Amino acid sequence: MAAGAAGALLAETRRRPGRLLLTGLAITVATVFAAGTLLFGETLRSYLGATSVETPDTVAAVVMPDRLPEDARADLDGRVSSVDGVAQAVELRELYPTVGGAGAATTWRVTSDPMTGPLTRLSAPPVRGTLPAGLDEVAVGEGTAKRTDLAPGDTVTLSAGAGAPQTVTVTAVVPLDDGGLNSLVTTPDAMSALGGFLEQVDVAADPGVDPAELAARISAALGAPDAARTGSEQRAAELADGSASVSAVLVGVGVFAALALVAASVIVASTFRIVLTQRRTQMALLRCVGARRGQVVRAVLAEAVVTGLVAGALGVGLALLAGYGLVAAMRASGMQDVPGLVVWWAGLAGVLVVAVLATVLAALAPALAAARIPPVAALGVADASDAGTPRAGRRIAVAAVLAVAAGGLAALALGVARTSDELAMLVVAGSGIVAFGALIVIGPVLVRGLVAVAGRPIAAIGGASGRLAVANAAQVPRRTAATISVLALGVGLTSALLVGVSSVRAGAEQNIAEMFPTDVVVATGDAEGAAALAARLAADPRLTVRADGPAVFVDPAPGVAEDEAREAVEQGASGAPGALVQYAGDVRDQVEETLAIAQLIGFGLVGMTALVAVVGVGVTLTLSVTERTRETGLLRAVGLSRRGVRSMVAWEAALTGAGAAVVGAVLGAVYGALGMQVLGLATSLSLPILTLTGLVVGVVVVAALAAMAPAVRAGRVPPIRALQEA
Amino acid sequence: MTGPLPPGADLRAPSRHLRPAIRAVDLVKVHGRGDAAVRALDGVDLAVPAARFTAIMGPSGSGKSTLLHLLAGLDNATSGQVLLGDTELGACSDAQLTALRRDRIGFVFQAFNLLPQLTAAQNIELPARLAGRRPDRAWRDTLVGLLGIGDRLTHRPTQLSGGQQQRVAVARALLGRPEVVFADEPTGNLDTASGHELLHLLRTSVRELGQTVVMVTHDPVAASFADEVVLLRDGRVAGSVPDPRPDSVLSALSALSGARAGI
Ligand SMILES: Nc1ncnc2c1ncn2[C@@H]1O[C@H](COP(=O)(O)OP(=O)(O)O)[C@@H](O)[C@H]1O
Ligand SMILES: [Mg+2]
């Protein structure tokens, strides 16, 4: 008989497949993100697998200096070269200096390379020029040359650590995979002079020498048992490192995908409640003809499984489609080097299982409620779903307990912050989740307050339609609250992000202000050089100049534009080797650029939840509109215009959006501030009031837009529907 | 608009002497199309006199509800005309029809008359609110007193009995002093006592307020509260019963079905 009850419900689902899709839509959206994360991650992993291995195959063994005592790292290449079986040993050094002279002063990467022989990492001869040989010569990577217009013959000034800036000449453009970071290559000798950090020593073997044996021999010669390992071990380690960094990214993104799934579950629980109440009579009829409660529960859960499967499969399918489409589009637009999509089917199956589980969990409470429908309800007229006043007392009590718990966790996070940033952020996140739980519990009670507060202004602006919208929202407090909570989660994440970005920007601004007492700072080798340069610059009437130690501080003279001042400084400093010119404006632009990218990534992450929430608004309203078809017909019959009906639905969405926006913006700002405090950035804590206000307004507008489809649908209800059976 | 009637006027004058509040001219309505087409109304000519209580009766499926929907501007005719005063409904846009239903017509349905999210008072004032007008409070209080729902105004529909809900619906229908009030089986969901009370109220609104009421019913007792009964059969007007009493209505009805059986 269980099959019978389930069969009866599923037959209804087959009759109206659209409703199933609607119920599962939030899950579909969340699944697209989860599956997309997985596809992206695995593809990135395989791609980075290829590129994260930097040690060439010709390297038979490597020496890792960090496994040697610090005083035993001198002349490593010489000592290793003398080991039996070693054909060549080359030190690999790296340096991340500030580089001026080619556009804005930025951080570059400089690596050493033997330039020729088996151990060079250059894949081909120079594209232009000749390979560097002297101590003040460098080669520039091809990508870097393209970005900065550097060509053989140009000079750049490097400044690393406390040493005086050094000016070097570019002699060649070489093919180099630089991953977007401006890169220079120089000889090992030049690199030693620059003070590059010793990363490893690459070793080429004589013909016929076994790498493992060679590594052992080198270790023995250096007096440390594990100082060297084979080239293949090194390459495997590099591969694992690359993969681990992808895993770290995946975990980060996965947290946000999981949040989106939680949001989707709340939506699905709400939609299941609506759909089941609409089928109240049907449920009661099942009970009338002898279905037991357990059978009704199982029947509903069976429907949840089907919904989750269909929605999840749709989401996975869409993610695959998007993945393949994106790769194809990128290749078609001429981007070489785009890796093929890596599909980890077992992982995708896991995503599908999680989608089904989330749906079933979400349906559990509505299923239990459905089983409590008395058989006699089959004879009565169905009440609106979720109608009635919530049990305020109990909800307030539970929410208070949760709020106190969230507060306690927040306090704990502040305490833990001294020991570990990561742990503290984790506790902050936990506190946020508990606060979200409190919001879900208190929601229906809040809706009453919201209606009381917002009811009057909305009625004043929206007239009869606004008044009806407020009444609609108040009639189904649980449903309204569910939509508000999820939307508030999306808004909260966004506003926390905005607070974070704004605070980091303020912090960077403070740093820049400290670093740059004037618009332009020129670092030179010594006080004499600085004084000479200052004298030269001061000759230009466009500049105000002051020398202080080895640095020269320059401001535009009053009334001189920034561009003009820059031109003047460049002219004046051009003949001064070893002078590194830095502009506050450039650094500011660079910070802005970095922040813009970080913000974009952040929006992508919280956007998942926000999109699920907006879909939730649309789906919930669509179901509400379906449920209220007869009411809408009645309104049309007694004189509400088509437009009036449409704006009634839009107003209800706007009300929901307003509630969610205010709650979300406040909670998000609080948690953003908490996060900053925990990360020790509180000194620069900044609340972007204007942006947050914009966010609130934007959310109201987006919510109203999400109501467009259901509003049009409601507007089509003919007045005669008031007289017809549902 | 029908003004208050002079006292002592003969309200029972034959309908043909009165100006019609609403008229149907050769009204045809076909539901569906092709094989599934049903000719629910097949050329109905009808003039409903103002300030009278008219009942429409007929066998099930004879087109009573369809006729009411067309007269009330809830649905469009396939051909023919409906004239409310001088306004031809077929020529009205959706927006005009909406305004017309709101300002010139009142409704009482069999069930589901009220919005569950509004209180009784808000339901009564709904059409006025939709029009952006202040409801006439004095008139509302008069109606509420007449209908005996003064102590129920702050209640929501789910807290009211079926009879109370119908009386709230009547108050809503009468508040705007519409030219015609339409009622489709208004007693269908009520027990006998509440049903009779409601019919008394409708008749009172006609007698004392000069309201025009058109009611569809299949109950001869309900029909006997009307001033005249119009009989429908197979989508056509098949006669009328002036000054109906339950027995006269019943015999007219059986004559109707007898005639039909004889075809
Ligand atoms: N929306 C509709 N679609 C198709 N046929 C309809 C529709 N409404 C009514 N009918 C048909 O029109 C005829 C008249 O219906 P109706 O006006 O409801 O009759 P009554 O109210 O007198 O019972 C019936 O045969 C009915 O089946
Ligand atoms: Mg009917």
# chains A, B, ... in the order shown; residues from 1 in each chain; ligands from 1

$ residues_around --residues "Thr158 of chain B" --least-positions-apart "4" --cutoff "10 Å" --atoms "only C-alpha atoms" --output "list in words"
Asp383 of chain A; Leu114, Leu115, Pro116, Gln117, Thr119, Gly162 and Gln165 of chain B

$ interface_residues --of "chain B" --to "chain A" --cutoff "6 Å" --atoms "only C-alpha atoms" --output "list in words"
Leu74, Thr98, Ala99, Arg101, Arg102, Gln117, Pro127, Arg129 and Leu130 of chain B

$ closest_residue --among "B:Ser251, B:Thr187, B:Thr78, B:Ser60" --to "Arg33 of chain B" --atoms "only C-alpha atoms"
B:Thr78

$ residues_near_ligand --ligand "ligand 1" --cutoff "6 Å" --atoms "only C-alpha atoms and all ligand atoms" --output "JSON, numbers by chain"
{"B": [31, 32, 38, 40, 60, 61, 62, 63, 64, 65, 66]}

$ residues_around --residues "segment 152-167 of chain A" --least-positions-apart "2" --cutoff "10 Å" --atoms "only C-alpha atoms" --output "PyMOL selection string"
chain A and resi 95-103+105-108+110+128-130+136-140+145+149-150+169-173+194-196+523-526+550+576-581

$ select_by_dssp --residues "segment 23-255 of chain B" --states "strand (DSSP E or B)" --output "MDAnalysis selection string"
chainID B and resid 23:31 38:49 53:57 79:84 87:88 105:108 180:184 213:216 228:233 236:242

$ write_last_selection --atoms "C-alpha atoms" --output "JSON list (two decimals), in the first residue's frame"
[["chain", "number", "residue", "atom", "x", "y", "z"],
["B", 23, "ARG", "CA", -30.34, 43.99, -21.05],
["B", 24, "ALA", "CA", -29.16, 41.03, -23.09],
["B", 25, "VAL", "CA", -29.74, 41.10, -26.84],
["B", 26, "ASP", "CA", -29.45, 37.87, -28.86],
["B", 27, "LEU", "CA", -26.70, 36.73, -26.55],
["B", 28, "VAL", "CA", -24.68, 33.67, -27.71],
["B", 29, "LYS", "CA", -21.85, 32.00, -25.86],
["B", 30, "VAL", "CA", -19.92, 29.01, -27.17],
["B", 31, "HIS", "CA", -17.55, 27.34, -24.76],
["B", 38, "VAL", "CA", -20.73, 23.73, -26.26],
["B", 39, "ARG", "CA", -23.35, 26.33, -27.12],
["B", 40, "ALA", "CA", -24.11, 27.37, -23.54],
["B", 41, "LEU", "CA", -26.24, 30.37, -24.58],
["B", 42, "ASP", "CA", -28.13, 30.24, -27.83],
["B", 43, "GLY", "CA", -29.67, 33.68, -28.44],
["B", 44, "VAL", "CA", -30.84, 35.01, -25.09],
["B", 45, "ASP", "CA", -32.98, 38.17, -25.09],
["B", 46, "LEU", "CA", -33.63, 39.53, -21.63],
["B", 47, "ALA", "CA", -34.37, 42.83, -19.91],
["B", 48, "VAL", "CA", -33.84, 42.96, -16.18],
["B", 49, "PRO", "CA", -35.97, 45.70, -14.62],
["B", 53, "PHE", "CA", -35.40, 41.12, -7.58],
["B", 54, "THR", "CA", -35.07, 38.77, -10.56],
["B", 55, "ALA", "CA", -34.30, 35.07, -10.23],
["B", 56, "ILE", "CA", -32.93, 32.96, -13.08],
["B", 57, "MET", "CA", -33.85, 29.29, -13.01],
["B", 79, "SER", "CA", -22.00, 37.26, -30.18],
["B", 80, "GLY", "CA", -24.84, 39.53, -29.13],
["B", 81, "GLN", "CA", -24.85, 42.40, -26.71],
["B", 82, "VAL", "CA", -25.05, 43.14, -23.01],
["B", 83, "LEU", "CA", -26.14, 46.66, -22.10],
["B", 84, "LEU", "CA", -25.64, 47.95, -18.58],
["B", 87, "THR", "CA", -22.89, 50.90, -21.76],
["B", 88, "GLU", "CA", -22.33, 48.01, -24.12],
["B", 105, "ILE", "CA", -21.75, 46.00, -10.26],
["B", 106, "GLY", "CA", -21.82, 43.97, -7.05],
["B", 107, "PHE", "CA", -21.25, 40.24, -6.57],
["B", 108, "VAL", "CA", -22.29, 37.53, -4.17],
["B", 180, "VAL", "CA", -26.97, 45.65, -10.32],
["B", 181, "VAL", "CA", -26.03, 43.03, -7.74],
["B", 182, "PHE", "CA", -25.45, 39.55, -9.14],
["B", 183, "ALA", "CA", -25.72, 36.46, -6.98],
["B", 184, "ASP", "CA", -24.86, 32.95, -8.19],
["B", 213, "VAL", "CA", -30.69, 42.12, -7.80],
["B", 214, "VAL", "CA", -30.24, 39.24, -10.24],
["B", 215, "MET", "CA", -29.89, 35.81, -8.66],
["B", 216, "VAL", "CA", -29.23, 32.39, -10.16],
["B", 228, "GLU", "CA", -40.02, 37.51, -11.07],
["B", 229, "VAL", "CA", -38.45, 34.24, -12.20],
["B", 230, "VAL", "CA", -36.92, 33.93, -15.66],
["B", 231, "LEU", "CA", -36.72, 30.35, -16.93],
["B", 232, "LEU", "CA", -33.84, 29.12, -19.08],
["B", 233, "ARG", "CA", -33.67, 25.93, -21.11],
["B", 236, "ARG", "CA", -32.64, 30.13, -24.37],
["B", 237, "VAL", "CA", -35.26, 32.01, -22.35],
["B", 238, "ALA", "CA", -38.16, 29.58, -22.02],
["B", 239, "GLY", "CA", -40.66, 31.72, -20.08],
["B", 240, "SER", "CA", -41.13, 33.58, -16.84],
["B", 241, "VAL", "CA", -43.07, 33.35, -13.60],
["B", 242, "PRO", "CA", -44.27, 36.69, -12.17]]

$ select_by_dssp --residues "segment 112-204 of chain B" --states "alpha helix (DSSP H)" --output "ChimeraX atom specification"
/B:120-130,137-147,162-175,192-204

$ write_last_selection --atoms "N, CA and C atoms" --output "compact mmCIF listing (two decimals), in the first residue's frame"
# COMPACT_ATOMS: atom_id res chain seq x y z
N ALA B 120 -13.15 41.29 7.86
CA ALA B 120 -14.48 41.49 7.28
C ALA B 120 -14.62 42.94 6.81
N ALA B 121 -14.21 43.88 7.66
CA ALA B 121 -14.35 45.30 7.30
C ALA B 121 -13.54 45.62 6.05
N GLN B 122 -12.31 45.09 6.00
CA GLN B 122 -11.45 45.36 4.83
C GLN B 122 -12.06 44.74 3.57
N ASN B 123 -12.67 43.56 3.72
CA ASN B 123 -13.32 42.94 2.57
C ASN B 123 -14.48 43.79 2.08
N ILE B 124 -15.26 44.33 3.03
CA ILE B 124 -16.41 45.14 2.64
C ILE B 124 -15.95 46.38 1.88
N GLU B 125 -14.85 46.97 2.33
CA GLU B 125 -14.41 48.23 1.73
C GLU B 125 -13.49 48.04 0.52
N LEU B 126 -13.25 46.77 0.18
CA LEU B 126 -12.26 46.48 -0.86
C LEU B 126 -12.50 47.22 -2.18
N PRO B 127 -13.74 47.13 -2.76
CA PRO B 127 -13.92 47.79 -4.06
C PRO B 127 -13.66 49.29 -3.99
N ALA B 128 -14.09 49.92 -2.90
CA ALA B 128 -13.84 51.35 -2.75
C ALA B 128 -12.35 51.62 -2.67
N ARG B 129 -11.64 50.80 -1.89
CA ARG B 129 -10.19 50.96 -1.77
C ARG B 129 -9.50 50.79 -3.11
N LEU B 130 -9.99 49.78 -3.87
CA LEU B 130 -9.39 49.53 -5.18
C LEU B 130 -9.59 50.73 -6.09
N ARG B 137 -18.58 55.75 5.09
CA ARG B 137 -18.65 55.05 6.38
C ARG B 137 -20.08 54.99 6.93
N ALA B 138 -20.82 56.09 6.75
CA ALA B 138 -22.19 56.12 7.28
C ALA B 138 -23.03 55.04 6.61
N TRP B 139 -22.87 54.96 5.29
CA TRP B 139 -23.64 53.97 4.53
C TRP B 139 -23.19 52.56 4.93
N ARG B 140 -21.89 52.42 5.17
CA ARG B 140 -21.39 51.12 5.58
C ARG B 140 -22.01 50.71 6.92
N ASP B 141 -22.05 51.67 7.85
CA ASP B 141 -22.59 51.35 9.16
C ASP B 141 -24.06 50.97 9.07
N THR B 142 -24.79 51.69 8.18
CA THR B 142 -26.19 51.34 7.96
C THR B 142 -26.31 49.90 7.48
N LEU B 143 -25.50 49.57 6.46
CA LEU B 143 -25.57 48.22 5.89
C LEU B 143 -25.19 47.17 6.92
N VAL B 144 -24.11 47.45 7.64
CA VAL B 144 -23.62 46.50 8.63
C VAL B 144 -24.68 46.26 9.70
N GLY B 145 -25.37 47.35 10.10
CA GLY B 145 -26.44 47.20 11.07
C GLY B 145 -27.57 46.36 10.51
N LEU B 146 -27.93 46.66 9.25
CA LEU B 146 -29.02 45.95 8.58
C LEU B 146 -28.69 44.46 8.48
N LEU B 147 -27.42 44.15 8.21
CA LEU B 147 -27.03 42.77 7.99
C LEU B 147 -26.65 42.06 9.29
N GLY B 162 -20.52 30.37 7.60
CA GLY B 162 -20.86 30.54 6.18
C GLY B 162 -21.86 31.66 5.98
N GLY B 163 -22.91 31.69 6.86
CA GLY B 163 -23.94 32.72 6.73
C GLY B 163 -23.36 34.10 6.95
N GLN B 164 -22.47 34.22 7.95
CA GLN B 164 -21.85 35.53 8.22
C GLN B 164 -20.98 35.95 7.05
N GLN B 165 -20.26 34.99 6.49
CA GLN B 165 -19.41 35.31 5.33
C GLN B 165 -20.26 35.85 4.18
N GLN B 166 -21.43 35.19 3.95
CA GLN B 166 -22.27 35.64 2.85
C GLN B 166 -22.82 37.04 3.13
N ARG B 167 -23.11 37.32 4.40
CA ARG B 167 -23.63 38.66 4.70
C ARG B 167 -22.55 39.71 4.52
N VAL B 168 -21.31 39.36 4.86
CA VAL B 168 -20.20 40.29 4.59
C VAL B 168 -20.11 40.54 3.08
N ALA B 169 -20.28 39.46 2.30
CA ALA B 169 -20.22 39.60 0.84
C ALA B 169 -21.35 40.49 0.35
N VAL B 170 -22.53 40.37 0.96
CA VAL B 170 -23.65 41.22 0.55
C VAL B 170 -23.35 42.67 0.89
N ALA B 171 -22.78 42.89 2.08
CA ALA B 171 -22.42 44.26 2.46
C ALA B 171 -21.44 44.84 1.46
N ARG B 172 -20.45 44.04 1.05
CA ARG B 172 -19.48 44.52 0.07
C ARG B 172 -20.17 44.87 -1.24
N ALA B 173 -21.12 43.97 -1.65
CA ALA B 173 -21.80 44.19 -2.92
C ALA B 173 -22.64 45.46 -2.88
N LEU B 174 -23.24 45.76 -1.71
CA LEU B 174 -24.16 46.89 -1.65
C LEU B 174 -23.47 48.22 -1.35
N LEU B 175 -22.27 48.17 -0.79
CA LEU B 175 -21.62 49.39 -0.30
C LEU B 175 -21.45 50.44 -1.39
N THR B 192 -30.59 25.91 5.82
CA THR B 192 -31.87 26.51 5.41
C THR B 192 -32.11 27.85 6.11
N ALA B 193 -31.88 27.89 7.43
CA ALA B 193 -32.18 29.12 8.18
C ALA B 193 -31.32 30.28 7.68
N SER B 194 -30.02 30.05 7.58
CA SER B 194 -29.14 31.13 7.11
C SER B 194 -29.49 31.52 5.69
N GLY B 195 -29.84 30.52 4.88
CA GLY B 195 -30.20 30.78 3.50
C GLY B 195 -31.40 31.72 3.44
N HIS B 196 -32.41 31.42 4.23
CA HIS B 196 -33.61 32.28 4.21
C HIS B 196 -33.30 33.68 4.70
N GLU B 197 -32.46 33.76 5.72
CA GLU B 197 -32.07 35.07 6.23
C GLU B 197 -31.43 35.91 5.13
N LEU B 198 -30.53 35.25 4.38
CA LEU B 198 -29.83 35.95 3.32
C LEU B 198 -30.80 36.43 2.25
N LEU B 199 -31.75 35.55 1.91
CA LEU B 199 -32.72 35.91 0.86
C LEU B 199 -33.58 37.08 1.33
N HIS B 200 -33.96 37.07 2.62
CA HIS B 200 -34.69 38.20 3.18
C HIS B 200 -33.90 39.48 3.01
N LEU B 201 -32.61 39.39 3.31
CA LEU B 201 -31.75 40.57 3.21
C LEU B 201 -31.70 41.09 1.79
N LEU B 202 -31.56 40.16 0.83
CA LEU B 202 -31.51 40.60 -0.57
C LEU B 202 -32.83 41.27 -0.94
N ARG B 203 -33.94 40.66 -0.49
CA ARG B 203 -35.23 41.25 -0.83
C ARG B 203 -35.39 42.62 -0.16
N THR B 204 -34.91 42.72 1.08
CA THR B 204 -34.97 44.02 1.77
C THR B 204 -34.19 45.08 0.99

$ closest_residue --among "A:Pro211, A:Gly432, A:Gly231, A:Pro477" --to "Arg448 of chain A" --atoms "only C-alpha atoms"
A:Pro477

$ atom_distance --atom1 "atom CA of Ala255 of chain B" --atom2 "atom CA of Ala226 of chain B"
19.7 Å

$ residues_around --residues "Arg536 of chain A" --least-positions-apart "5" --cutoff "9 Å" --atoms "only C-alpha atoms" --output "ChimeraX atom specification"
/A:531,572-573

$ closest_residue --among "B:Leu97, B:Leu256, B:Leu67, B:Ala131" --to "ligand 2" --atoms "only C-alpha atoms and all ligand atoms"
B:Leu67

$ residues_around --residues "Ile458 of chain A" --least-positions-apart "2" --cutoff "12 Å" --atoms "only C-alpha atoms" --output "CSV table (one decimal) with N, CA, C and O atoms, in the first residue's frame"
chain,number,residue,atom,x,y,z
A,450,LEU,N,7.7,43.3,10.6
A,450,LEU,CA,8.0,44.0,9.3
A,450,LEU,C,6.8,44.5,8.7
A,450,LEU,O,6.7,45.7,8.2
A,451,VAL,N,5.7,43.7,8.8
A,451,VAL,CA,4.4,44.1,8.2
A,451,VAL,C,3.9,45.4,8.9
A,451,VAL,O,3.4,46.3,8.3
A,452,ALA,N,4.1,45.4,10.2
A,452,ALA,CA,3.7,46.6,11.0
A,452,ALA,C,4.5,47.8,10.6
A,452,ALA,O,3.9,48.9,10.5
A,453,VAL,N,5.8,47.6,10.4
A,453,VAL,CA,6.6,48.8,10.1
A,453,VAL,C,6.4,49.2,8.7
A,453,VAL,O,6.3,50.4,8.4
A,454,ALA,N,6.5,48.3,7.8
A,454,ALA,CA,6.5,48.6,6.3
A,454,ALA,C,5.1,48.7,5.8
A,454,ALA,O,5.0,49.3,4.7
A,455,GLY,N,4.2,48.2,6.5
A,455,GLY,CA,2.8,48.2,5.9
A,455,GLY,C,2.3,49.6,5.5
A,455,GLY,O,1.8,49.8,4.4
A,456,ARG,N,2.5,50.6,6.4
A,456,ARG,CA,2.0,51.9,6.2
A,456,ARG,C,2.6,52.6,5.0
A,456,ARG,O,1.9,53.0,4.1
A,460,ALA,N,0.9,53.5,1.5
A,460,ALA,CA,0.8,54.9,1.0
A,460,ALA,C,1.4,55.0,-0.4
A,460,ALA,O,0.8,55.8,-1.2
A,461,ILE,N,2.4,54.3,-0.7
A,461,ILE,CA,3.0,54.4,-2.0
A,461,ILE,C,2.2,53.5,-3.0
A,461,ILE,O,1.9,54.0,-4.1
A,462,GLY,N,2.0,52.3,-2.6
A,462,GLY,CA,1.4,51.3,-3.5
A,462,GLY,C,-0.1,51.3,-3.6
A,462,GLY,O,-0.7,50.5,-4.3
A,463,GLY,N,-0.8,52.1,-2.7
A,463,GLY,CA,-2.2,52.1,-2.8
A,463,GLY,C,-2.8,50.8,-2.4
A,463,GLY,O,-2.3,50.0,-1.6
A,464,ALA,N,-3.9,50.5,-3.1
A,464,ALA,CA,-4.7,49.2,-2.8
A,464,ALA,C,-3.8,48.0,-3.0
A,464,ALA,O,-3.8,47.1,-2.2
A,465,SER,N,-3.0,48.1,-4.1
A,465,SER,CA,-2.1,46.9,-4.5
A,465,SER,C,-1.1,46.7,-3.3
A,465,SER,O,-0.9,45.6,-2.9
A,466,GLY,N,-0.5,47.8,-2.9
A,466,GLY,CA,0.4,47.7,-1.8
A,466,GLY,C,-0.2,47.1,-0.5
A,466,GLY,O,0.4,46.2,0.1
A,467,ARG,N,-1.4,47.6,-0.2
A,467,ARG,CA,-2.1,47.1,1.0
A,467,ARG,C,-2.4,45.6,0.9
A,467,ARG,O,-2.2,44.9,1.8
A,468,LEU,N,-2.8,45.2,-0.3
A,468,LEU,CA,-3.1,43.8,-0.5
A,468,LEU,C,-1.8,42.9,-0.4
A,468,LEU,O,-1.8,41.9,0.2
A,469,ALA,N,-0.7,43.5,-0.9
A,469,ALA,CA,0.5,42.8,-0.9
A,469,ALA,C,1.0,42.5,0.6
A,469,ALA,O,1.4,41.5,1.0
A,470,VAL,N,0.8,43.6,1.4
A,470,VAL,CA,1.2,43.5,2.8
A,470,VAL,C,0.3,42.4,3.5
A,470,VAL,O,0.8,41.6,4.2
A,471,ALA,N,-1.0,42.4,3.2
A,471,ALA,CA,-1.9,41.4,3.7
A,471,ALA,C,-1.5,40.0,3.3
A,471,ALA,O,-1.5,39.1,4.1
A,647,SER,N,1.2,44.6,-9.8
A,647,SER,CA,1.9,45.4,-8.9
A,647,SER,C,1.7,44.8,-7.5
A,647,SER,O,2.6,44.9,-6.6
A,648,MET,N,0.6,44.2,-7.2
A,648,MET,CA,0.4,43.6,-5.9
A,648,MET,C,1.5,42.5,-5.7
A,648,MET,O,2.1,42.4,-4.6
A,650,ALA,N,4.4,42.3,-7.2
A,650,ALA,CA,5.7,42.9,-7.2
A,650,ALA,C,5.9,43.6,-5.8
A,650,ALA,O,7.0,43.5,-5.2
A,651,TRP,N,4.9,44.2,-5.2
A,651,TRP,CA,5.0,44.8,-3.9
A,651,TRP,C,5.3,43.7,-2.8
A,651,TRP,O,6.0,44.0,-1.9
A,652,GLU,N,4.7,42.6,-3.0
A,652,GLU,CA,4.9,41.5,-2.0
A,652,GLU,C,6.4,41.1,-2.0
A,652,GLU,O,7.1,41.0,-1.0
A,653,ALA,N,6.9,41.0,-3.3
A,653,ALA,CA,8.3,40.7,-3.4
A,653,ALA,C,9.2,41.8,-2.9
A,653,ALA,O,10.2,41.6,-2.2
A,654,ALA,N,8.8,43.1,-3.1
A,654,ALA,CA,9.6,44.2,-2.7
A,654,ALA,C,9.6,44.2,-1.1
A,654,ALA,O,10.7,44.5,-0.5
A,655,LEU,N,8.5,43.9,-0.5
A,655,LEU,CA,8.4,43.8,0.9
A,655,LEU,C,9.4,42.8,1.5
A,655,LEU,O,10.2,43.0,2.4
A,656,THR,N,9.3,41.6,0.9
A,656,THR,CA,10.2,40.5,1.2
A,656,THR,C,11.7,41.0,1.1
A,656,THR,O,12.5,40.8,2.0
A,658,ALA,N,12.9,44.0,1.0
A,658,ALA,CA,13.2,45.1,2.0
A,658,ALA,C,13.6,44.5,3.3
A,658,ALA,O,14.6,44.8,3.9

$ closest_residue --among "A:Val300, A:Glu238, A:Pro69, A:Ala151" --to "Ala224 of chain A" --atoms "only C-alpha atoms"
A:Pro69

$ closest_residue --among "A:Val520, A:Ile440, A:Val545, A:Ala30" --to "Ala488 of chain A" --atoms "only C-alpha atoms"
A:Ile440

$ residues_around --residues "Asp555 of chain A" --least-positions-apart "4" --cutoff "9 Å" --atoms "only C-alpha atoms" --output "number ranges by chain"
A: 518-521, 542-546, 562, 565
